[in-house]
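Structure data follow from structure-v3.tsv (TSV, C-alpha atoms):
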```tsv
chain	number	residue	atom	x	y	z
N	1	MET	CA	7.07	14.64	16.23
N	2	MET	CA	10.15	16.10	14.62
N	3	ARG	CA	11.47	14.87	11.30
N	4	LEU	CA	14.41	15.59	9.04
N	5	GLU	CA	13.85	17.19	5.65
N	6	LEU	CA	16.28	17.85	2.80
N	7	VAL	CA	16.03	21.37	1.39
N	8	LYS	CA	17.78	22.18	-1.89
N	9	ARG	CA	20.50	24.77	-1.46
N	10	PRO	CA	20.06	27.88	-3.63
N	11	GLN	CA	23.75	27.70	-4.54
N	12	ARG	CA	26.12	24.81	-3.93
N	13	SER	CA	29.74	25.26	-2.89
N	14	MET	CA	32.10	24.71	-5.83
N	15	LEU	CA	34.96	24.07	-3.40
N	16	PHE	CA	33.17	21.27	-1.58
N	17	SER	CA	31.91	19.85	-4.88
N	18	ALA	CA	35.53	19.48	-5.99
N	19	LEU	CA	36.65	18.09	-2.63
N	20	SER	CA	33.71	15.70	-2.23
N	21	PRO	CA	35.49	12.54	-3.54
N	22	PHE	CA	38.50	13.22	-1.31
N	23	ILE	CA	36.30	13.79	1.74
N	24	ALA	CA	34.44	10.57	0.96
N	25	PHE	CA	37.71	8.67	0.64
N	26	ALA	CA	38.99	10.10	3.96
N	27	LEU	CA	35.75	9.07	5.70
N	28	THR	CA	36.09	5.61	4.19
N	29	ILE	CA	39.61	5.34	5.61
N	30	ILE	CA	38.34	6.33	9.06
N	31	ALA	CA	35.48	3.84	8.90
N	32	GLY	CA	37.90	1.21	7.60
N	33	ALA	CA	40.21	1.80	10.55
N	34	VAL	CA	37.28	1.16	12.90
N	35	LEU	CA	36.42	-1.98	10.92
N	36	PHE	CA	39.95	-3.38	11.17
N	37	ALA	CA	40.08	-2.56	14.88
N	38	LEU	CA	36.82	-4.47	15.45
N	39	LEU	CA	38.36	-7.42	13.60
N	40	GLY	CA	41.29	-7.35	16.03
N	41	VAL	CA	43.82	-6.06	13.46
N	42	ASN	CA	46.14	-3.09	13.80
N	43	PRO	CA	44.65	-0.53	11.37
N	44	LEU	CA	48.04	0.92	10.36
N	45	SER	CA	49.44	-2.52	9.52
N	46	ALA	CA	46.26	-3.44	7.70
N	47	PHE	CA	46.26	-0.25	5.63
N	48	LYS	CA	49.89	-0.82	4.66
N	49	ILE	CA	49.04	-4.29	3.41
N	50	TYR	CA	45.82	-3.06	1.79
N	51	PHE	CA	47.01	0.07	0.00
N	52	ILE	CA	50.82	0.06	-0.19
N	53	GLU	CA	52.11	-3.47	-0.64
N	54	PRO	CA	49.87	-4.33	-3.64
N	55	ILE	CA	51.59	-1.62	-5.74
N	56	SER	CA	55.13	-1.83	-4.41
N	57	GLN	CA	56.56	-3.72	-7.41
N	58	VAL	CA	56.34	-3.28	-11.18
N	59	TRP	CA	54.47	-6.53	-11.83
N	60	GLN	CA	51.90	-5.48	-9.23
N	61	LEU	CA	51.27	-2.25	-11.15
N	62	HIS	CA	50.48	-4.44	-14.14
N	63	GLU	CA	47.94	-6.32	-12.03
N	64	LEU	CA	46.45	-2.98	-11.01
N	65	ALA	CA	46.06	-2.06	-14.69
N	66	ILE	CA	44.36	-5.40	-15.40
N	67	LYS	CA	41.81	-4.76	-12.63
N	68	ALA	CA	41.33	-1.10	-13.56
N	69	ALA	CA	40.75	-1.61	-17.30
N	70	PRO	CA	37.23	-3.12	-17.12
N	71	LEU	CA	36.20	-0.71	-14.36
N	72	ILE	CA	37.19	2.31	-16.45
N	73	LEU	CA	35.64	0.98	-19.66
N	74	ILE	CA	32.32	0.21	-18.01
N	75	ALA	CA	32.24	3.38	-15.91
N	76	VAL	CA	32.83	5.81	-18.80
N	77	GLY	CA	29.86	4.27	-20.58
N	78	LEU	CA	27.71	4.46	-17.47
N	79	SER	CA	28.68	8.11	-17.01
N	80	VAL	CA	26.88	8.94	-20.28
N	81	CYS	CA	23.75	7.13	-19.06
N	82	TYR	CA	23.78	8.84	-15.69
N	83	LYS	CA	24.43	12.27	-17.21
N	84	ALA	CA	21.31	11.69	-19.31
N	85	ASN	CA	19.38	10.67	-16.17
N	86	ILE	CA	19.08	7.11	-17.49
N	87	TRP	CA	19.86	4.46	-14.90
N	88	ASN	CA	21.64	1.48	-16.38
N	89	ILE	CA	22.34	-0.84	-13.43
N	90	GLY	CA	22.89	-3.93	-15.58
N	91	ALA	CA	26.43	-3.36	-16.88
N	92	GLU	CA	27.48	-6.62	-15.22
N	93	GLY	CA	25.16	-8.54	-17.53
N	94	GLN	CA	26.32	-6.57	-20.57
N	95	PHE	CA	29.91	-7.35	-19.57
N	96	ILE	CA	29.10	-11.07	-19.48
N	97	LEU	CA	27.25	-11.05	-22.81
N	98	GLY	CA	30.18	-9.22	-24.41
N	99	GLY	CA	32.48	-11.96	-23.16
N	100	ILE	CA	30.15	-14.65	-24.52
N	101	PHE	CA	29.62	-13.08	-27.95
N	102	GLY	CA	33.32	-12.37	-28.44
N	103	SER	CA	34.29	-15.86	-27.32
N	104	ALA	CA	32.01	-17.50	-29.89
N	105	ILE	CA	34.69	-17.22	-32.58
N	106	PRO	CA	37.56	-19.08	-30.85
N	107	VAL	CA	35.16	-21.57	-29.22
N	108	LEU	CA	33.05	-22.48	-32.25
N	109	PHE	CA	35.82	-22.05	-34.84
N	110	PRO	CA	39.02	-23.11	-33.05
N	111	GLY	CA	40.86	-23.59	-36.36
N	112	PHE	CA	40.24	-19.99	-37.42
N	113	GLU	CA	43.50	-18.11	-36.87
N	114	GLY	CA	45.09	-14.97	-38.20
N	115	PRO	CA	45.12	-11.19	-37.72
N	116	LEU	CA	41.34	-10.86	-38.21
N	117	VAL	CA	40.41	-13.05	-35.24
N	118	LEU	CA	41.01	-10.57	-32.43
N	119	PRO	CA	39.36	-7.54	-34.11
N	120	LEU	CA	36.31	-9.69	-34.88
N	121	MET	CA	36.18	-10.88	-31.28
N	122	LEU	CA	36.30	-7.32	-29.98
N	123	LEU	CA	33.60	-6.26	-32.44
N	124	PHE	CA	31.38	-9.20	-31.50
N	125	GLY	CA	31.90	-8.38	-27.83
N	126	MET	CA	30.73	-4.80	-28.33
N	127	VAL	CA	27.74	-5.96	-30.37
N	128	GLY	CA	26.80	-8.48	-27.67
N	129	GLY	CA	26.96	-5.90	-24.88
N	130	ALA	CA	25.03	-3.32	-26.92
N	131	ALA	CA	22.35	-5.85	-27.93
N	132	TYR	CA	21.81	-6.89	-24.33
N	133	ALA	CA	21.60	-3.25	-23.24
N	134	ALA	CA	19.00	-2.62	-25.94
N	135	ILE	CA	16.51	-4.82	-24.07
N	136	PRO	CA	15.91	-2.46	-21.11
N	137	ALA	CA	16.07	0.49	-23.53
N	138	LEU	CA	13.29	-1.02	-25.64
N	139	LEU	CA	11.20	-1.88	-22.58
N	140	LYS	CA	11.56	1.66	-21.24
N	141	THR	CA	10.70	3.45	-24.47
N	142	ARG	CA	7.94	1.06	-25.57
N	143	PHE	CA	6.22	0.19	-22.29
N	144	GLY	CA	7.56	2.73	-19.80
N	145	THR	CA	9.23	-0.02	-17.76
N	146	ASN	CA	11.64	1.05	-15.04
N	147	GLU	CA	15.14	0.53	-16.47
N	148	ILE	CA	16.66	0.02	-13.02
N	149	LEU	CA	14.66	-3.15	-12.45
N	150	THR	CA	14.91	-4.58	-15.95
N	151	SER	CA	18.63	-3.98	-16.41
N	152	LEU	CA	19.37	-5.39	-12.95
N	153	MET	CA	17.28	-8.54	-13.42
N	154	LEU	CA	18.94	-9.21	-16.77
N	155	VAL	CA	22.25	-9.53	-14.93
N	156	TYR	CA	21.10	-12.78	-13.34
N	157	VAL	CA	19.85	-14.07	-16.69
N	158	ALA	CA	23.30	-13.42	-18.18
N	159	GLN	CA	25.07	-15.14	-15.28
N	160	LEU	CA	22.91	-18.25	-15.57
N	161	PHE	CA	23.27	-18.30	-19.36
N	162	LEU	CA	27.07	-18.21	-19.05
N	163	ASP	CA	26.99	-20.98	-16.46
N	164	TRP	CA	24.81	-23.14	-18.73
N	165	LEU	CA	27.09	-22.59	-21.73
N	166	VAL	CA	30.34	-23.57	-20.03
N	167	ARG	CA	28.76	-26.59	-18.34
N	168	GLY	CA	26.88	-27.67	-21.46
N	169	PRO	CA	27.32	-27.02	-25.17
N	170	TRP	CA	30.59	-25.04	-24.93
N	171	ARG	CA	32.34	-27.21	-22.34
N	172	ASP	CA	35.80	-28.39	-23.33
N	173	PRO	CA	35.52	-32.14	-24.13
N	174	GLN	CA	39.15	-32.54	-23.11
N	175	GLY	CA	38.74	-30.51	-19.92
N	176	HIS	CA	38.28	-33.51	-17.57
N	177	GLY	CA	34.73	-32.41	-16.78
N	178	PHE	CA	35.64	-28.93	-15.54
N	179	PRO	CA	33.08	-26.23	-16.47
N	180	GLN	CA	35.14	-24.23	-18.93
N	181	THR	CA	35.63	-23.78	-22.66
N	182	ILE	CA	38.74	-24.66	-24.64
N	183	GLN	CA	41.76	-22.43	-24.21
N	184	PHE	CA	41.83	-19.71	-26.85
N	185	ASN	CA	44.46	-20.01	-29.57
N	186	ASP	CA	47.24	-17.45	-29.80
N	187	SER	CA	45.38	-15.36	-32.39
N	188	ALA	CA	42.47	-14.95	-29.99
N	189	VAL	CA	44.50	-13.77	-27.00
N	190	LEU	CA	44.82	-10.05	-26.30
N	191	PRO	CA	48.56	-9.16	-26.45
N	192	GLU	CA	50.41	-7.99	-23.37
N	193	LEU	CA	51.85	-4.49	-23.35
N	194	MET	CA	55.23	-5.36	-21.81
N	195	PRO	CA	55.54	-9.14	-21.45
N	196	ASP	CA	58.87	-8.92	-19.65
N	197	ALA	CA	57.48	-6.67	-16.90
N	198	GLY	CA	53.99	-8.00	-16.23
N	199	ARG	CA	50.63	-9.22	-17.54
N	200	ALA	CA	48.96	-5.90	-18.39
N	201	ASN	CA	47.36	-6.13	-21.82
N	202	TRP	CA	45.80	-3.84	-24.40
N	203	GLY	CA	42.56	-3.73	-22.44
N	204	PHE	CA	44.05	-0.91	-20.35
N	205	VAL	CA	44.86	1.04	-23.52
N	206	PHE	CA	41.28	0.54	-24.71
N	207	ALA	CA	40.08	1.97	-21.39
N	208	LEU	CA	42.24	5.09	-21.66
N	209	VAL	CA	41.26	5.69	-25.28
N	210	ALA	CA	37.58	5.25	-24.42
N	211	ALA	CA	37.87	7.74	-21.55
N	212	VAL	CA	39.41	10.37	-23.83
N	213	LEU	CA	36.84	9.80	-26.60
N	214	ILE	CA	33.89	10.02	-24.20
N	215	TRP	CA	35.38	13.17	-22.67
N	216	VAL	CA	35.55	14.72	-26.15
N	217	LEU	CA	31.99	13.58	-26.85
N	218	MET	CA	30.63	15.07	-23.65
N	219	SER	CA	32.55	18.33	-23.64
N	220	ARG	CA	33.08	19.21	-27.31
N	221	LEU	CA	30.33	17.66	-29.43
N	222	LEU	CA	26.64	18.43	-29.90
N	223	LYS	CA	25.65	14.94	-28.80
N	224	GLY	CA	27.26	15.53	-25.43
N	225	PHE	CA	25.34	18.79	-25.08
N	226	GLU	CA	22.15	16.88	-25.90
N	227	VAL	CA	22.96	14.34	-23.19
N	228	ARG	CA	23.48	17.06	-20.59
N	229	VAL	CA	20.35	19.01	-21.53
N	230	LEU	CA	18.04	16.00	-21.50
N	231	GLY	CA	19.59	14.84	-18.23
N	232	SER	CA	19.12	18.14	-16.44
N	233	SER	CA	15.85	19.28	-18.04
N	234	PRO	CA	13.92	16.88	-20.30
N	235	ARG	CA	11.30	19.58	-21.00
N	236	ALA	CA	13.95	22.00	-22.26
N	237	GLY	CA	15.42	19.20	-24.34
N	238	ARG	CA	12.07	18.55	-26.02
N	239	PHE	CA	11.70	22.25	-26.84
N	240	ALA	CA	15.18	22.10	-28.39
N	241	GLY	CA	14.09	19.19	-30.57
N	242	PHE	CA	16.04	16.48	-28.77
N	243	GLY	CA	14.33	13.09	-28.68
N	244	LEU	CA	14.20	11.43	-25.27
N	245	ASN	CA	13.59	7.94	-26.67
N	246	ARG	CA	16.52	8.29	-29.05
N	247	MET	CA	18.68	9.35	-26.13
N	248	VAL	CA	17.62	6.29	-24.11
N	249	PHE	CA	18.77	3.99	-26.91
N	250	PHE	CA	21.95	5.97	-27.52
N	251	ALA	CA	23.00	5.91	-23.88
N	252	PHE	CA	22.16	2.25	-23.35
N	253	LEU	CA	23.80	1.08	-26.57
N	254	LEU	CA	26.96	3.10	-25.90
N	255	SER	CA	27.33	1.91	-22.32
N	256	GLY	CA	26.47	-1.66	-23.32
N	257	ALA	CA	29.05	-1.65	-26.11
N	258	LEU	CA	31.79	-0.46	-23.76
N	259	ALA	CA	30.77	-3.01	-21.13
N	260	GLY	CA	30.85	-5.71	-23.81
N	261	LEU	CA	34.30	-4.57	-24.91
N	262	ALA	CA	35.43	-4.80	-21.30
N	263	GLY	CA	33.98	-8.32	-21.10
N	264	ILE	CA	35.74	-9.74	-24.14
N	265	SER	CA	38.97	-7.91	-23.21
N	266	GLU	CA	38.88	-9.58	-19.80
N	267	VAL	CA	38.14	-13.03	-21.23
N	268	SER	CA	40.68	-12.88	-24.06
N	269	GLY	CA	43.32	-11.08	-22.03
N	270	ALA	CA	43.37	-11.95	-18.35
N	271	ILE	CA	41.55	-15.34	-18.47
N	272	GLY	CA	42.06	-16.90	-21.91
N	273	GLN	CA	38.83	-18.94	-21.89
N	274	LEU	CA	35.23	-18.76	-20.71
N	275	GLN	CA	34.52	-19.90	-17.16
N	276	PRO	CA	31.34	-19.92	-15.02
N	277	VAL	CA	32.47	-16.65	-13.44
N	278	ILE	CA	34.40	-14.07	-15.46
N	279	SER	CA	33.78	-11.02	-13.29
N	280	PRO	CA	34.22	-10.35	-9.56
N	281	GLY	CA	31.48	-7.74	-9.83
N	282	TYR	CA	33.09	-5.21	-12.18
N	283	GLY	CA	29.73	-4.05	-13.51
N	284	PHE	CA	28.48	-3.07	-10.06
N	285	THR	CA	31.79	-1.63	-8.84
N	286	ALA	CA	31.91	0.53	-11.98
N	287	ILE	CA	28.85	2.38	-10.66
N	288	ILE	CA	30.96	3.49	-7.70
N	289	VAL	CA	33.79	4.39	-10.08
N	290	ALA	CA	31.47	6.56	-12.18
N	291	PHE	CA	30.23	8.56	-9.20
N	292	LEU	CA	33.63	8.77	-7.53
N	293	GLY	CA	34.94	10.22	-10.80
N	294	ARG	CA	32.11	12.79	-10.74
N	295	LEU	CA	30.78	11.34	-14.03
N	296	ASN	CA	33.81	12.90	-15.72
N	297	PRO	CA	35.60	10.40	-18.00
N	298	LEU	CA	39.04	11.68	-17.02
N	299	GLY	CA	38.16	11.58	-13.32
N	300	ILE	CA	36.88	8.06	-13.85
N	301	VAL	CA	40.38	6.93	-14.86
N	302	ALA	CA	41.73	7.94	-11.44
N	303	ALA	CA	38.70	6.49	-9.65
N	304	GLY	CA	39.09	3.23	-11.55
N	305	LEU	CA	42.66	2.86	-10.33
N	306	VAL	CA	41.55	3.50	-6.74
N	307	LEU	CA	38.78	0.90	-6.88
N	308	ALA	CA	41.07	-1.57	-8.64
N	309	LEU	CA	43.42	-1.20	-5.68
N	310	THR	CA	40.61	-2.29	-3.34
N	311	TYR	CA	40.43	-5.62	-5.18
N	312	LEU	CA	44.17	-6.17	-4.87
N	313	GLY	CA	44.12	-5.00	-1.26
N	314	GLY	CA	41.31	-7.39	-0.42
N	315	GLU	CA	43.34	-10.29	-1.78
N	316	ALA	CA	46.44	-9.08	0.10
N	317	VAL	CA	44.78	-8.85	3.53
N	318	GLN	CA	43.14	-12.21	2.96
N	319	SER	CA	46.49	-13.93	2.45
N	320	ALA	CA	48.49	-11.89	4.98
N	321	LEU	CA	45.99	-11.45	7.82
N	322	GLY	CA	43.47	-14.22	7.22
N	323	ILE	CA	40.63	-11.71	6.75
N	324	SER	CA	37.85	-12.53	4.31
N	325	ASP	CA	38.33	-11.07	0.84
N	326	LYS	CA	34.78	-9.67	1.21
N	327	VAL	CA	36.40	-6.78	3.07
N	328	ALA	CA	37.04	-5.29	-0.38
N	329	ARG	CA	33.28	-5.21	-1.00
N	330	VAL	CA	32.79	-3.56	2.36
N	331	PHE	CA	35.30	-0.83	1.44
N	332	GLN	CA	33.62	-0.32	-1.92
N	333	GLY	CA	30.20	-0.09	-0.28
N	334	MET	CA	31.39	2.40	2.31
N	335	LEU	CA	33.03	4.50	-0.39
N	336	LEU	CA	29.80	4.67	-2.41
N	337	PHE	CA	27.83	5.50	0.74
N	338	PHE	CA	30.13	8.38	1.66
N	339	VAL	CA	30.31	9.69	-1.93
N	340	LEU	CA	26.52	9.83	-2.18
N	341	GLY	CA	26.27	11.22	1.34
N	342	CYS	CA	28.75	14.03	0.64
N	343	ASP	CA	27.05	14.88	-2.65
N	344	THR	CA	23.66	14.99	-0.95
N	345	LEU	CA	24.88	17.38	1.74
N	346	ILE	CA	26.54	19.58	-0.89
N	347	HIS	CA	23.29	19.93	-2.85
N	348	TYR	CA	20.89	19.93	0.10
N	349	ARG	CA	20.80	21.11	3.69
N	350	ILE	CA	19.10	19.26	6.53
N	351	ARG	CA	16.19	20.97	8.26
N	352	LEU	CA	14.15	19.89	11.27
N	353	VAL	CA	10.44	20.23	10.58
N	354	GLY	CA	7.24	19.03	12.16
N	355	MET	CA	6.53	21.34	15.14
N	356	ALA	CA	3.93	23.44	13.36
N	357	LEU	CA	2.32	20.34	11.90
N	358	THR	CA	2.18	18.74	15.34
N	359	LYS	CA	0.47	21.79	16.87
N	360	SER	CA	-2.10	21.89	14.08
N	361	ALA	CA	-2.81	18.19	14.52
N	362	ALA	CA	-3.24	18.74	18.27
N	363	LYS	CA	-5.79	21.50	17.64
N	364	LEU	CA	-7.73	19.29	15.25
N	365	GLU	CA	-7.78	16.48	17.79
N	366	ALA	CA	-8.88	18.85	20.57
N	367	ALA	CA	-11.73	20.46	18.56
N	368	PRO	CA	-14.28	17.60	18.93
N	369	LYS	CA	-13.62	17.42	22.67
N	370	LEU	CA	-14.25	21.16	23.02
N	371	ARG	CA	-17.53	20.87	21.13
N	372	GLU	CA	-18.64	18.00	23.36
N	373	ALA	CA	-17.71	20.00	26.46
N	374	ARG	CA	-19.89	22.89	25.28
```
Now, as a test, write the supplied structure out as structure tokens.
Amino acid sequence: MMRLELVKRPQRSMLFSALSPFIAFALTIIAGAVLFALLGVNPLSAFKIYFIEPISQVWQLHELAIKAAPLILIAVGLSVCYKANIWNIGAEGQFILGGIFGSAIPVLFPGFEGPLVLPLMLLFGMVGGAAYAAIPALLKTRFGTNEILTSLMLVYVAQLFLDWLVRGPWRDPQGHGFPQTIQFNDSAVLPELMPDAGRANWGFVFALVAAVLIWVLMSRLLKGFEVRVLGSSPRAGRFAGFGLNRMVFFAFLLSGALAGLAGISEVSGAIGQLQPVISPGYGFTAIIVAFLGRLNPLGIVAAGLVLALTYLGGEAVQSALGISDKVARVFQGMLLFFVLGCDTLIHYRIRLVGMALTKSAAKLEAAPKLREAR
């Protein structure tokens, strides 16, 4: 029996490493064309509606910025985790907890107004996201628990906790029974950047600033060097005096804080109140954004805009062509598949093995029969 085996390349191609995201995007377009054709839709018309029409007007660019802001904020935090070889898959839950913690001020103290309200909300949001991210960090460092499983399972806890809050103790008594909190007062609403042009708010500015700061951290500061060393060679990091457990907490707390900031920015900016669902899956999509941006904070900005466009495109084809909005998830999944596939083939080559093993096994099976024949 033949089998496929991945063999690490002695030297990877720098050219293909740089082109990998573009190749993955081109393959996604090809696969998307096949998908639209199977759905009975002209691929060219569908792509025009999906990629061009959602950004053809100024107000639509504002909507793109609204969708991109949480993706960029979450992804730049995740990039630090992944560079350190720490797998935080629960940014969606940290996003939700950030929204909940930050919303506590306008919900529980509706009469509290003034210039301090919004900064406190943003701070509480970051604290909430970081505190929730500290749980899988503690479990990993204390008990050796797999952070992929714990961080992912905590997402569902956060979703159910949010649902309970808005249907129970935080439900608006004047909301006619709808599961939602009171509308935030003006002091608790994130200001828009250009109110006359569109709805984009300061959340997008936070995302850009975070991307620049994380880029400086990773490329210019000692902490970034520590992240890279421990991620590529934990043994070398220990010899250098870097603490792996400290790095686990640092990476989780940083990514959780940025996810929490994204959560409260979304709630106070785009929504204006807590609802049972405050995210269409930003925390999971941000994983794709991080890898599409090559774990580079500046590349993540561009990748965040691309993935934000898939959300707008999914809504556009749903209204124009009657196709399910889940097509956006399909595009995102295909993009992640092709990104990981391209990266794998850049770092490894495929080899067919098994012939020698099969011959040896045949000899071993034949040996008893030979002895019996003698």
Please identify all polymer residues within 9 Å of segment 73-88 of chain N, counting only C-alpha atoms, omitting same-chain residues fewer than 6 positions from it, and present them as a PyMOL selection string.
chain N and resi 95+133+136+146-148+151-152+203-204+206-208+210-211+214-215+218+224+226-232+247-248+250-252+254-262+282-283+285-291+293-298+300-301+304
Just the selected residues (C-alpha atoms), exported as a PDB file, keeping the file's coordinate frame, please.
```pdb
ATOM      1  CA  PHE N  95      29.910  -7.350 -19.570  1.00  0.00           C
ATOM      2  CA  ALA N 133      21.600  -3.250 -23.240  1.00  0.00           C
ATOM      3  CA  PRO N 136      15.910  -2.460 -21.110  1.00  0.00           C
ATOM      4  CA  ASN N 146      11.640   1.050 -15.040  1.00  0.00           C
ATOM      5  CA  GLU N 147      15.140   0.530 -16.470  1.00  0.00           C
ATOM      6  CA  ILE N 148      16.660   0.020 -13.020  1.00  0.00           C
ATOM      7  CA  SER N 151      18.630  -3.980 -16.410  1.00  0.00           C
ATOM      8  CA  LEU N 152      19.370  -5.390 -12.950  1.00  0.00           C
ATOM      9  CA  GLY N 203      42.560  -3.730 -22.440  1.00  0.00           C
ATOM     10  CA  PHE N 204      44.050  -0.910 -20.350  1.00  0.00           C
ATOM     11  CA  PHE N 206      41.280   0.540 -24.710  1.00  0.00           C
ATOM     12  CA  ALA N 207      40.080   1.970 -21.390  1.00  0.00           C
ATOM     13  CA  LEU N 208      42.240   5.090 -21.660  1.00  0.00           C
ATOM     14  CA  ALA N 210      37.580   5.250 -24.420  1.00  0.00           C
ATOM     15  CA  ALA N 211      37.870   7.740 -21.550  1.00  0.00           C
ATOM     16  CA  ILE N 214      33.890  10.020 -24.200  1.00  0.00           C
ATOM     17  CA  TRP N 215      35.380  13.170 -22.670  1.00  0.00           C
ATOM     18  CA  MET N 218      30.630  15.070 -23.650  1.00  0.00           C
ATOM     19  CA  GLY N 224      27.260  15.530 -25.430  1.00  0.00           C
ATOM     20  CA  GLU N 226      22.150  16.880 -25.900  1.00  0.00           C
ATOM     21  CA  VAL N 227      22.960  14.340 -23.190  1.00  0.00           C
ATOM     22  CA  ARG N 228      23.480  17.060 -20.590  1.00  0.00           C
ATOM     23  CA  VAL N 229      20.350  19.010 -21.530  1.00  0.00           C
ATOM     24  CA  LEU N 230      18.040  16.000 -21.500  1.00  0.00           C
ATOM     25  CA  GLY N 231      19.590  14.840 -18.230  1.00  0.00           C
ATOM     26  CA  SER N 232      19.120  18.140 -16.440  1.00  0.00           C
ATOM     27  CA  MET N 247      18.680   9.350 -26.130  1.00  0.00           C
ATOM     28  CA  VAL N 248      17.620   6.290 -24.110  1.00  0.00           C
ATOM     29  CA  PHE N 250      21.950   5.970 -27.520  1.00  0.00           C
ATOM     30  CA  ALA N 251      23.000   5.910 -23.880  1.00  0.00           C
ATOM     31  CA  PHE N 252      22.160   2.250 -23.350  1.00  0.00           C
ATOM     32  CA  LEU N 254      26.960   3.100 -25.900  1.00  0.00           C
ATOM     33  CA  SER N 255      27.330   1.910 -22.320  1.00  0.00           C
ATOM     34  CA  GLY N 256      26.470  -1.660 -23.320  1.00  0.00           C
ATOM     35  CA  ALA N 257      29.050  -1.650 -26.110  1.00  0.00           C
ATOM     36  CA  LEU N 258      31.790  -0.460 -23.760  1.00  0.00           C
ATOM     37  CA  ALA N 259      30.770  -3.010 -21.130  1.00  0.00           C
ATOM     38  CA  GLY N 260      30.850  -5.710 -23.810  1.00  0.00           C
ATOM     39  CA  LEU N 261      34.300  -4.570 -24.910  1.00  0.00           C
ATOM     40  CA  ALA N 262      35.430  -4.800 -21.300  1.00  0.00           C
ATOM     41  CA  TYR N 282      33.090  -5.210 -12.180  1.00  0.00           C
ATOM     42  CA  GLY N 283      29.730  -4.050 -13.510  1.00  0.00           C
ATOM     43  CA  THR N 285      31.790  -1.630  -8.840  1.00  0.00           C
ATOM     44  CA  ALA N 286      31.910   0.530 -11.980  1.00  0.00           C
ATOM     45  CA  ILE N 287      28.850   2.380 -10.660  1.00  0.00           C
ATOM     46  CA  ILE N 288      30.960   3.490  -7.700  1.00  0.00           C
ATOM     47  CA  VAL N 289      33.790   4.390 -10.080  1.00  0.00           C
ATOM     48  CA  ALA N 290      31.470   6.560 -12.180  1.00  0.00           C
ATOM     49  CA  PHE N 291      30.230   8.560  -9.200  1.00  0.00           C
ATOM     50  CA  GLY N 293      34.940  10.220 -10.800  1.00  0.00           C
ATOM     51  CA  ARG N 294      32.110  12.790 -10.740  1.00  0.00           C
ATOM     52  CA  LEU N 295      30.780  11.340 -14.030  1.00  0.00           C
ATOM     53  CA  ASN N 296      33.810  12.900 -15.720  1.00  0.00           C
ATOM     54  CA  PRO N 297      35.600  10.400 -18.000  1.00  0.00           C
ATOM     55  CA  LEU N 298      39.040  11.680 -17.020  1.00  0.00           C
ATOM     56  CA  ILE N 300      36.880   8.060 -13.850  1.00  0.00           C
ATOM     57  CA  VAL N 301      40.380   6.930 -14.860  1.00  0.00           C
ATOM     58  CA  GLY N 304      39.090   3.230 -11.550  1.00  0.00           C
TER      59      GLY N 304
END
```
Within-9 Å shell of (20.8, -8.5, -20.1) in input frame, all atoms listed in the file, as a ChimeraX atom specification
/N:90-94,96-97,129,131-136,150-158
Extract, using only C-alpha atoms, all DNA, RNA and protein residues at most 6 Å from segment 122-125 of chain N, discarding same-chain residues fewer than 2 positions from it, and format them as a VMD selection string.
chain N and resid 98 to 99 101 to 102 119 to 120 127 to 128 260 to 261 264
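Checking N:Leu274, N:Leu139, N:Cys342, N:Val209 one by one against Ile182 of chain N, counting only C-alpha atoms, you find the shortest gap at N:Leu274.
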Excluding Arg199 of chain N and residues on its chain fewer than 5 positions from it, collect all residues at most 7 Å away from it, counting all atoms listed in the file, and give them as a CSV table (one decimal) with C-alpha atoms, keeping the file's coordinate frame.
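File written: out_26.csv
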```csv
chain,number,residue,atom,x,y,z
N,62,HIS,CA,50.5,-4.4,-14.1
N,63,GLU,CA,47.9,-6.3,-12.0
N,192,GLU,CA,50.4,-8.0,-23.4
```
Using only C-alpha atoms, tabulate the residues of segment 267-340 of chain N lying at most 12 Å from any atom of segment 30-52 of chain N, each with its closest atom pair and that distance in Å to one decimal, by chain and increasing residue number, as CSV.
```
residue,atom,partner,partner_atom,distance
N:Leu305,CA,N:Phe51,CA,11.6
N:Val306,CA,N:Phe51,CA,9.3
N:Leu307,CA,N:Phe51,CA,10.8
N:Ala308,CA,N:Phe51,CA,10.6
N:Leu309,CA,N:Phe51,CA,6.8
N:Thr310,CA,N:Tyr50,CA,7.4
N:Tyr311,CA,N:Tyr50,CA,9.2
N:Leu312,CA,N:Tyr50,CA,7.5
N:Gly313,CA,N:Tyr50,CA,4.0
N:Gly314,CA,N:Tyr50,CA,6.6
N:Glu315,CA,N:Tyr50,CA,8.4
N:Ala316,CA,N:Tyr50,CA,6.3
N:Val317,CA,N:Tyr50,CA,6.1
N:Gln318,CA,N:Tyr50,CA,9.6
N:Ser319,CA,N:Ile49,CA,10.0
N:Ala320,CA,N:Ile49,CA,7.8
N:Leu321,CA,N:Ala46,CA,8.0
N:Gly322,CA,N:Val41,CA,10.3
N:Ile323,CA,N:Leu39,CA,8.4
N:Ser324,CA,N:Leu39,CA,10.6
N:Asp325,CA,N:Tyr50,CA,11.0
N:Val327,CA,N:Leu35,CA,9.2
N:Ala328,CA,N:Tyr50,CA,9.3
N:Arg329,CA,N:Gly32,CA,11.7
N:Val330,CA,N:Gly32,CA,8.7
N:Phe331,CA,N:Gly32,CA,7.0
N:Gln332,CA,N:Gly32,CA,10.5
N:Gly333,CA,N:Gly32,CA,11.1
N:Met334,CA,N:Ala31,CA,7.9
N:Leu335,CA,N:Ala31,CA,9.6
N:Phe337,CA,N:Ala31,CA,11.3
N:Phe338,CA,N:Ala31,CA,10.1
```
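The coordinates place atom CA of Leu221 of chain N at 19.4 Å from atom CA of Phe239 of chain N.
Between Arg3 of chain N and the residues N:Ala130, N:Ala24, N:Ile100, N:Leu352, the shortest atom-to-atom distance, using all atoms listed in the file, involves N:Leu352.
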